[in-house]
$ cat structure27.cif   # mmCIF, C-alpha atoms
data_model
loop_
_atom_site.label_atom_id
_atom_site.label_comp_id
_atom_site.auth_asym_id
_atom_site.auth_seq_id
_atom_site.Cartn_x
_atom_site.Cartn_y
_atom_site.Cartn_z
CA MET K 2 74.91 304.39 -77.44
CA VAL K 3 76.96 305.86 -80.23
CA ARG K 4 80.61 306.72 -79.80
CA ARG K 5 82.19 309.83 -81.20
CA ASP K 6 83.61 307.89 -84.15
CA GLY K 7 80.12 306.65 -84.93
CA ALA K 8 80.68 303.11 -83.72
CA ARG K 9 77.76 301.64 -81.91
CA LEU K 10 78.46 300.00 -78.60
CA SER K 11 76.20 297.60 -76.83
CA LYS K 12 75.96 297.04 -73.15
CA THR K 13 76.79 293.54 -71.96
CA HIS K 14 74.98 291.91 -69.08
CA THR K 15 77.90 292.73 -66.83
CA GLY K 16 77.47 296.36 -67.72
CA GLU K 17 80.80 297.16 -69.38
CA MET K 18 80.86 298.68 -72.81
CA MET K 19 81.93 296.26 -75.44
CA ASP K 20 81.75 296.02 -79.21
CA ASP K 21 79.47 293.22 -80.21
CA CYS K 22 80.77 289.97 -81.68
CA ARG K 23 79.05 290.39 -85.00
CA LYS K 24 80.78 293.69 -85.58
CA ILE K 25 84.16 292.44 -84.38
CA THR K 26 84.15 289.26 -86.47
CA GLY K 27 83.03 291.33 -89.46
CA MET K 28 86.03 293.56 -88.88
CA ILE K 29 88.34 290.57 -88.54
CA SER K 30 87.05 289.33 -91.87
CA GLU K 31 87.58 292.75 -93.45
CA GLY K 32 91.10 292.70 -92.10
CA LEU K 33 91.79 289.88 -94.54
CA ASP K 34 90.84 292.15 -97.43
CA ARG K 35 92.08 295.60 -96.53
CA GLU K 36 94.35 297.21 -94.00
CA LEU K 37 92.41 298.06 -90.86
CA THR K 38 92.72 301.44 -89.20
CA TRP K 39 94.57 301.76 -85.92
CA SER K 40 91.29 302.34 -84.11
CA GLU K 41 89.75 299.21 -85.63
CA ARG K 42 92.75 297.13 -84.62
CA MET K 43 92.55 298.43 -81.06
CA ARG K 44 88.86 297.64 -80.83
CA ILE K 45 89.51 294.10 -81.98
CA ARG K 46 92.37 293.66 -79.53
CA VAL K 47 90.38 294.88 -76.58
CA HIS K 48 87.43 292.73 -77.52
CA LEU K 49 89.53 289.59 -77.95
CA LEU K 50 90.89 289.96 -74.44
CA MET K 51 87.49 289.12 -73.07
CA CYS K 52 85.83 287.05 -75.75
CA SER K 53 86.89 283.45 -76.33
CA GLY K 54 84.48 282.97 -79.23
CA CYS K 55 85.90 285.84 -81.27
CA SER K 56 89.47 284.83 -80.34
CA ALA K 57 88.80 281.38 -81.76
CA PHE K 58 87.18 282.98 -84.81
CA GLN K 59 90.26 285.08 -85.48
CA LYS K 60 92.63 282.11 -85.26
CA GLN K 61 90.36 280.14 -87.57
CA MET K 62 90.32 282.93 -90.12
CA ILE K 63 94.11 282.95 -90.20
CA PHE K 64 94.04 279.20 -90.68
CA LEU K 65 91.41 279.48 -93.42
CA ARG K 66 93.58 281.95 -95.30
CA GLU K 67 96.53 279.59 -95.03
CA ALA K 68 94.42 276.65 -96.17
CA MET K 69 93.23 278.61 -99.21
CA ARG K 70 96.80 279.56 -100.08
CA THR K 71 97.71 275.89 -99.93
CA LEU K 72 94.77 275.03 -102.15
CA ALA K 73 95.75 277.76 -104.59
CA GLU K 74 99.26 276.35 -104.85
CA ARG K 75 97.87 272.88 -105.48
CA ILE K 76 95.66 273.93 -108.34
CA GLY K 77 97.87 276.64 -109.73
CA GLY K 78 95.77 279.58 -108.61
CA HIS K 79 97.12 282.92 -107.37
CA GLY K 80 98.57 283.55 -110.82
CA ASP K 81 100.86 286.53 -110.45
CA HIS K 82 99.76 287.59 -106.99
CA MET E 17 95.77 275.49 -136.70
CA ALA E 18 96.27 279.17 -136.18
CA PRO E 19 95.48 279.40 -132.46
CA PHE E 20 98.20 276.96 -131.60
CA MET E 21 100.76 279.06 -133.39
CA ASP E 22 100.94 281.01 -130.20
CA ALA E 23 102.98 279.19 -127.62
CA ARG E 24 100.78 280.40 -124.80
CA LEU E 25 97.88 278.21 -125.78
CA ASP E 26 99.68 274.93 -126.18
CA GLU E 27 98.42 271.71 -124.69
CA GLN E 28 100.46 272.12 -121.55
CA THR E 29 98.93 275.54 -120.89
CA LEU E 30 95.43 274.27 -121.54
CA LYS E 31 95.94 271.40 -119.16
CA GLN E 32 97.16 273.67 -116.44
CA GLU E 33 94.39 276.23 -116.88
CA ARG E 34 91.77 273.49 -117.07
CA LYS E 35 92.51 272.42 -113.52
CA TYR E 36 92.14 275.96 -112.33
CA LEU E 37 88.98 276.68 -114.29
CA ARG E 38 87.38 273.49 -113.05
CA TYR E 39 87.66 274.63 -109.46
CA TYR E 40 86.19 277.97 -110.37
CA ALA E 41 83.26 276.35 -112.15
CA LEU E 42 82.75 273.90 -109.33
CA ALA E 43 82.58 276.69 -106.78
CA ARG E 44 79.94 278.43 -108.83
CA LEU E 45 77.86 275.52 -110.11
CA ARG E 46 78.34 273.01 -107.29
CA ASP E 47 77.91 270.17 -109.70
CA ALA E 48 80.95 268.29 -110.98
CA GLU E 49 79.38 267.30 -114.28
CA LEU E 50 78.05 270.74 -115.12
CA ALA E 51 81.36 272.24 -114.08
CA GLU E 52 83.20 269.88 -116.40
CA ASP E 53 80.86 270.83 -119.26
CA ALA E 54 81.35 274.54 -118.68
CA VAL E 55 85.14 274.15 -118.65
CA GLN E 56 85.15 272.03 -121.81
CA GLU E 57 83.05 274.61 -123.62
CA THR E 58 85.31 277.34 -122.38
CA LEU E 59 88.46 275.67 -123.65
CA ILE E 60 86.86 274.95 -127.01
CA ALA E 61 85.72 278.55 -127.30
CA ALA E 62 89.18 279.72 -126.27
CA VAL E 63 90.90 277.66 -128.94
CA GLN E 64 88.41 278.77 -131.58
CA ASN E 65 88.58 282.44 -130.67
CA PHE E 66 92.17 282.73 -129.69
CA GLY E 67 92.68 285.09 -132.59
CA SER E 68 90.48 287.64 -130.85
CA TYR E 69 92.46 287.45 -127.61
CA ALA E 70 94.38 290.67 -127.78
CA GLY E 71 96.69 289.93 -124.90
CA ARG E 72 95.49 293.01 -123.04
CA SER E 73 94.59 290.91 -120.03
CA SER E 74 96.34 287.83 -118.75
CA LEU E 75 95.38 284.60 -120.45
CA ARG E 76 93.74 283.40 -117.27
CA THR E 77 91.61 286.52 -116.93
CA TRP E 78 90.49 286.05 -120.51
CA LEU E 79 89.63 282.40 -119.92
CA VAL E 80 87.73 283.21 -116.73
CA ALA E 81 85.68 285.80 -118.61
CA ILE E 82 84.66 283.13 -121.11
CA LEU E 83 83.98 280.66 -118.34
CA ARG E 84 81.75 283.13 -116.52
CA ASN E 85 79.60 283.43 -119.63
CA LYS E 86 79.35 279.66 -119.91
CA ILE E 87 78.42 279.44 -116.25
CA ALA E 88 75.78 282.13 -116.69
CA ASP E 89 74.32 280.06 -119.56
CA GLN E 90 74.21 277.01 -117.35
CA LEU E 91 72.54 278.90 -114.53
CA ARG E 92 69.94 280.33 -116.90
CA ALA E 93 69.22 276.89 -118.29
CA ARG E 94 68.95 275.47 -114.81
CA ALA E 95 66.66 278.31 -113.73
CA ARG E 96 64.40 277.67 -116.71
CA ALA E 97 64.32 273.97 -115.98
CA ASN E 98 63.33 274.55 -112.40
CA GLU E 99 61.09 277.45 -113.30
CA VAL E 100 62.71 279.60 -110.66
CA GLN E 101 64.31 282.97 -110.92
CA ILE E 102 68.09 283.03 -111.12
CA GLU E 103 68.16 285.27 -108.10
CA THR E 104 66.37 282.79 -105.90
CA LEU E 105 68.90 280.12 -106.76
CA ASP E 106 71.34 282.05 -104.68
CA GLY E 107 68.50 282.96 -102.41
CA GLU E 108 68.86 284.61 -99.08
CA THR E 109 71.09 287.60 -98.68
CA ALA E 110 74.39 287.41 -96.88
CA ASP E 111 72.99 289.61 -94.15
CA GLU E 112 70.11 287.29 -93.40
CA ALA E 113 72.38 284.29 -93.09
CA LEU E 114 74.55 286.16 -90.61
CA ASP E 115 71.45 287.00 -88.56
CA ALA E 116 71.21 283.32 -87.74
CA LEU E 117 74.64 283.28 -86.12
CA PHE E 118 74.25 286.17 -83.75
CA ALA E 119 71.77 287.07 -81.09
CA ARG E 120 69.84 290.30 -81.37
CA ASN E 121 72.44 292.14 -79.31
CA GLY E 122 75.17 291.09 -81.72
CA HIS E 123 76.77 288.49 -79.46
CA TRP E 124 77.25 284.88 -80.44
CA GLY E 125 74.00 282.97 -80.63
CA GLU E 126 73.48 279.74 -78.81
CA ASN E 127 75.64 276.95 -80.29
CA ALA E 128 77.19 279.39 -82.76
CA ARG E 129 80.17 280.40 -80.62
CA PRO E 130 83.39 279.24 -82.29
CA GLN E 131 85.23 276.45 -80.47
CA ARG E 132 88.98 276.01 -80.23
CA TRP E 133 90.48 273.95 -83.04
CA GLY E 134 93.77 273.13 -81.38
CA ASP E 135 96.49 272.97 -84.02
CA PRO E 136 94.52 272.94 -87.28
CA ARG E 137 97.60 273.07 -89.52
CA ALA E 138 98.05 269.33 -89.24
CA ALA E 139 94.84 269.00 -91.25
CA LEU E 140 96.52 270.56 -94.28
CA GLU E 141 98.51 267.35 -94.69
CA ASP E 142 95.42 265.19 -94.56
CA ARG E 143 93.82 264.19 -97.85
CA GLN E 144 90.46 263.63 -96.17
CA PHE E 145 90.50 267.15 -94.81
CA TRP E 146 90.61 268.49 -98.35
CA GLU E 147 87.58 266.41 -99.27
CA VAL E 148 85.72 268.01 -96.38
CA MET E 149 86.94 271.43 -97.49
CA GLU E 150 85.68 270.84 -101.00
CA LEU E 151 82.32 269.71 -99.66
CA CYS E 152 82.06 272.74 -97.42
CA MET E 153 82.98 275.10 -100.26
CA GLN E 154 80.34 273.53 -102.47
CA ARG E 155 77.71 274.29 -99.85
CA LEU E 156 78.26 278.02 -100.14
CA PRO E 157 75.62 279.81 -102.21
CA GLY E 158 76.87 280.38 -105.76
CA ARG E 159 77.65 284.09 -105.83
CA ILE E 160 79.13 283.97 -102.37
CA ALA E 161 81.26 281.01 -103.34
CA GLU E 162 82.41 282.90 -106.41
CA ALA E 163 83.40 285.99 -104.45
CA PHE E 164 85.24 283.86 -101.90
CA TYR E 165 86.99 281.89 -104.60
CA LEU E 166 88.09 285.01 -106.47
CA ARG E 167 89.44 286.51 -103.28
CA GLU E 168 91.10 283.55 -101.60
CA VAL E 169 92.18 281.27 -104.41
CA MET E 170 92.74 283.77 -107.22
CA GLY E 171 94.01 286.38 -104.81
CA GLU E 172 92.02 289.18 -106.43
CA SER E 173 91.49 292.52 -104.75
CA ILE E 174 88.14 293.61 -103.37
CA GLU E 175 87.93 296.27 -106.08
CA SER E 176 88.31 293.84 -108.94
CA ILE E 177 85.83 291.43 -107.37
CA CYS E 178 83.25 294.22 -106.95
CA ASN E 179 83.67 295.25 -110.56
CA GLY E 180 83.50 291.71 -111.87
CA LEU E 181 80.41 290.77 -109.90
CA GLU E 182 78.88 294.24 -110.17
CA ILE E 183 78.33 294.68 -106.46
CA THR E 184 79.32 297.38 -103.99
CA ALA E 185 82.43 297.07 -101.84
CA THR E 186 80.29 296.81 -98.73
CA ASN E 187 78.22 294.04 -100.22
CA CYS E 188 81.40 292.29 -101.25
CA SER E 189 82.77 292.45 -97.71
CA VAL E 190 79.56 291.07 -96.28
CA MET E 191 79.56 288.24 -98.81
CA LEU E 192 83.14 287.32 -97.91
CA PHE E 193 82.35 287.51 -94.22
CA ARG E 194 79.39 285.22 -94.79
CA ALA E 195 81.50 282.77 -96.79
CA ARG E 196 84.18 282.64 -94.11
CA ALA E 197 81.68 282.32 -91.28
CA GLN E 198 79.85 279.53 -93.05
CA LEU E 199 83.01 277.66 -93.99
CA ARG E 200 84.16 277.95 -90.42
CA ILE E 201 80.97 276.35 -89.15
CA CYS E 202 81.10 273.57 -91.73
CA LEU E 203 84.75 272.75 -91.01
CA GLU E 204 84.14 272.79 -87.29
CA ALA E 205 81.15 270.48 -87.57
CA LYS E 206 82.64 268.10 -90.11
CA TRP E 207 86.28 268.02 -89.08
CA PHE E 208 87.39 269.78 -85.95
CA ALA E 209 84.54 269.05 -83.56
CA GLY E 210 85.17 266.62 -80.77
CA THR E 211 86.97 264.02 -82.84
CA GLY E 212 90.26 264.65 -81.12
CA ARG E 213 91.66 265.84 -84.42
CA GLY E 214 93.83 268.91 -84.71
#
$ encode --input "structure27.cif" --output "structure tokens"
Amino acid sequence: MVRRDGARLSKTHTGEMMDDCRKITGMISEGLDRELTWSERMRIRVHLLMCSGCSAFQKQMIFLREAMRTLAERIGGHGDH
Amino acid sequence: MAPFMDARLDEQTLKQERKYLRYYALARLRDAELAEDAVQETLIAAVQNFGSYAGRSSLRTWLVAILRNKIADQLRARARANEVQIETLDGETADEALDALFARNGHWGENARPQRWGDPRAALEDRQFWEVMELCMQRLPGRIAEAFYLREVMGESIESICNGLEITATNCSVMLFRARAQLRICLEAKWFAGTGRG
């Protein structure tokens, strides 16, 4: 099924419409590199309400970013950023 | 010696940049010795050619450009030695690797579902954690490691990474996604899983 905005939705075994985890985690990753649209943020939020795996993924991505910042400080990266 | 007339390339600066370049080379070559060689050659070339550095870019950008050439030389030499194509060194595409994580319907595959890490920030204070992190980063395929490194450690924008690596923005996003997903798995397996840490 394709939504009006072109996003593909898959049907879960329980029958409700839900973005798939691959797409959502991909979006979470992209959110670290560009500002997500309102609609993307909403899709992530809704999905995270019912998916523990993707919720954990999101928290880990935030941690990974923080860890890399720490590493950058240690080795003098992040020049003038 | 003329190059040292400029204060920006004094010993202190070289020392500082060396540390940074070493990490870059390590991410790309995944071999401490080769990385050291590439950095040494870069610094020598930088000192010798400092006259041609016009100051249009930052010193670091200039050094990284030299380093990337040295790394490319190393990779070519390695490819020749192993009689394999450079491309196959970095092998499988980012997309294929992600296929392994997810089931056909796009949901988490068996055993691939992320687990809770508790409070991972404590790990940042742990020296051993950083050893694991370095190991995990070295396991990333070369180009993917490079993209991840440019983004997360150098803080470069997607646009500049795409231009530098000559890939599309979409490809760049997929590579970063792959890097993050793979690092996540490695850290979970080697640090956060079931050890009561974090």
$ resolve_selection --input "structure27.cif" --expression "the PyMOL selection byres ((chain E) within 9 of (chain K))" --output "number ranges by chain"
E: 32-33, 35-36, 39, 76, 114, 117-119, 121-124, 128-133, 136-137, 140, 146, 165, 167-174, 189-190, 192-194, 196-197, 199-200
$ write_last_selection --input "structure27.cif" --atoms "C-alpha atoms" --output "PDB file, keeping the file's coordinate frame"
ATOM      1  CA  GLN E  32      97.160 273.670-116.440  1.00  0.00           C
ATOM      2  CA  GLU E  33      94.390 276.230-116.880  1.00  0.00           C
ATOM      3  CA  LYS E  35      92.510 272.420-113.520  1.00  0.00           C
ATOM      4  CA  TYR E  36      92.140 275.960-112.330  1.00  0.00           C
ATOM      5  CA  TYR E  39      87.660 274.630-109.460  1.00  0.00           C
ATOM      6  CA  ARG E  76      93.740 283.400-117.270  1.00  0.00           C
ATOM      7  CA  LEU E 114      74.550 286.160 -90.610  1.00  0.00           C
ATOM      8  CA  LEU E 117      74.640 283.280 -86.120  1.00  0.00           C
ATOM      9  CA  PHE E 118      74.250 286.170 -83.750  1.00  0.00           C
ATOM     10  CA  ALA E 119      71.770 287.070 -81.090  1.00  0.00           C
ATOM     11  CA  ASN E 121      72.440 292.140 -79.310  1.00  0.00           C
ATOM     12  CA  GLY E 122      75.170 291.090 -81.720  1.00  0.00           C
ATOM     13  CA  HIS E 123      76.770 288.490 -79.460  1.00  0.00           C
ATOM     14  CA  TRP E 124      77.250 284.880 -80.440  1.00  0.00           C
ATOM     15  CA  ALA E 128      77.190 279.390 -82.760  1.00  0.00           C
ATOM     16  CA  ARG E 129      80.170 280.400 -80.620  1.00  0.00           C
ATOM     17  CA  PRO E 130      83.390 279.240 -82.290  1.00  0.00           C
ATOM     18  CA  GLN E 131      85.230 276.450 -80.470  1.00  0.00           C
ATOM     19  CA  ARG E 132      88.980 276.010 -80.230  1.00  0.00           C
ATOM     20  CA  TRP E 133      90.480 273.950 -83.040  1.00  0.00           C
ATOM     21  CA  PRO E 136      94.520 272.940 -87.280  1.00  0.00           C
ATOM     22  CA  ARG E 137      97.600 273.070 -89.520  1.00  0.00           C
ATOM     23  CA  LEU E 140      96.520 270.560 -94.280  1.00  0.00           C
ATOM     24  CA  TRP E 146      90.610 268.490 -98.350  1.00  0.00           C
ATOM     25  CA  TYR E 165      86.990 281.890-104.600  1.00  0.00           C
ATOM     26  CA  ARG E 167      89.440 286.510-103.280  1.00  0.00           C
ATOM     27  CA  GLU E 168      91.100 283.550-101.600  1.00  0.00           C
ATOM     28  CA  VAL E 169      92.180 281.270-104.410  1.00  0.00           C
ATOM     29  CA  MET E 170      92.740 283.770-107.220  1.00  0.00           C
ATOM     30  CA  GLY E 171      94.010 286.380-104.810  1.00  0.00           C
ATOM     31  CA  GLU E 172      92.020 289.180-106.430  1.00  0.00           C
ATOM     32  CA  SER E 173      91.490 292.520-104.750  1.00  0.00           C
ATOM     33  CA  ILE E 174      88.140 293.610-103.370  1.00  0.00           C
ATOM     34  CA  SER E 189      82.770 292.450 -97.710  1.00  0.00           C
ATOM     35  CA  VAL E 190      79.560 291.070 -96.280  1.00  0.00           C
ATOM     36  CA  LEU E 192      83.140 287.320 -97.910  1.00  0.00           C
ATOM     37  CA  PHE E 193      82.350 287.510 -94.220  1.00  0.00           C
ATOM     38  CA  ARG E 194      79.390 285.220 -94.790  1.00  0.00           C
ATOM     39  CA  ARG E 196      84.180 282.640 -94.110  1.00  0.00           C
ATOM     40  CA  ALA E 197      81.680 282.320 -91.280  1.00  0.00           C
ATOM     41  CA  LEU E 199      83.010 277.660 -93.990  1.00  0.00           C
ATOM     42  CA  ARG E 200      84.160 277.950 -90.420  1.00  0.00           C
TER      43      ARG E 200
END
$ residues_around --input "structure27.cif" --residues "E:Leu45" --least-positions-apart "2" --cutoff "12 Å" --atoms "only C-alpha atoms" --output "VMD selection string"
chain E and resid 37 to 43 47 to 55 83 to 84 86 to 94 105 to 106 153 to 162
$ resolve_selection --input "structure27.cif" --expression "the PyMOL selection byres ((chain E and resi 203) around 10)" --output "list in words"
Gln61 and Leu65 of chain K; Trp133, Phe145, Val148, Met149, Leu151, Cys152, Met153, Gln198, Leu199, Arg200, Ile201, Cys202, Glu204, Ala205, Lys206, Trp207, Phe208 and Ala209 of chain E
$ closest_residue --input "structure27.cif" --among "E:Glu147, E:Thr29, E:Gly180, E:Phe66" --to "E:Val80" --atoms "all atoms listed in the file"
E:Gly180
$ atom_distance --input "structure27.cif" --atom1 "atom CA of E:Glu27" --atom2 "atom CA of E:Ile60"
12.2 Å
$ atom_distance --input "structure27.cif" --atom1 "atom CA of E:Cys178" --atom2 "atom CA of E:Arg34"
24.6 Å
$ atom_distance --input "structure27.cif" --atom1 "atom CA of E:Asp26" --atom2 "atom CA of E:Gln64"
13.1 Å
$ residues_near_point --input "structure27.cif" --point "(91.5, 283.9, -122.3)" --cutoff "10 Å" --atoms "all atoms listed in the file" --output "ChimeraX atom specification"
/E:25,33,58-59,61-63,65-66,68-83
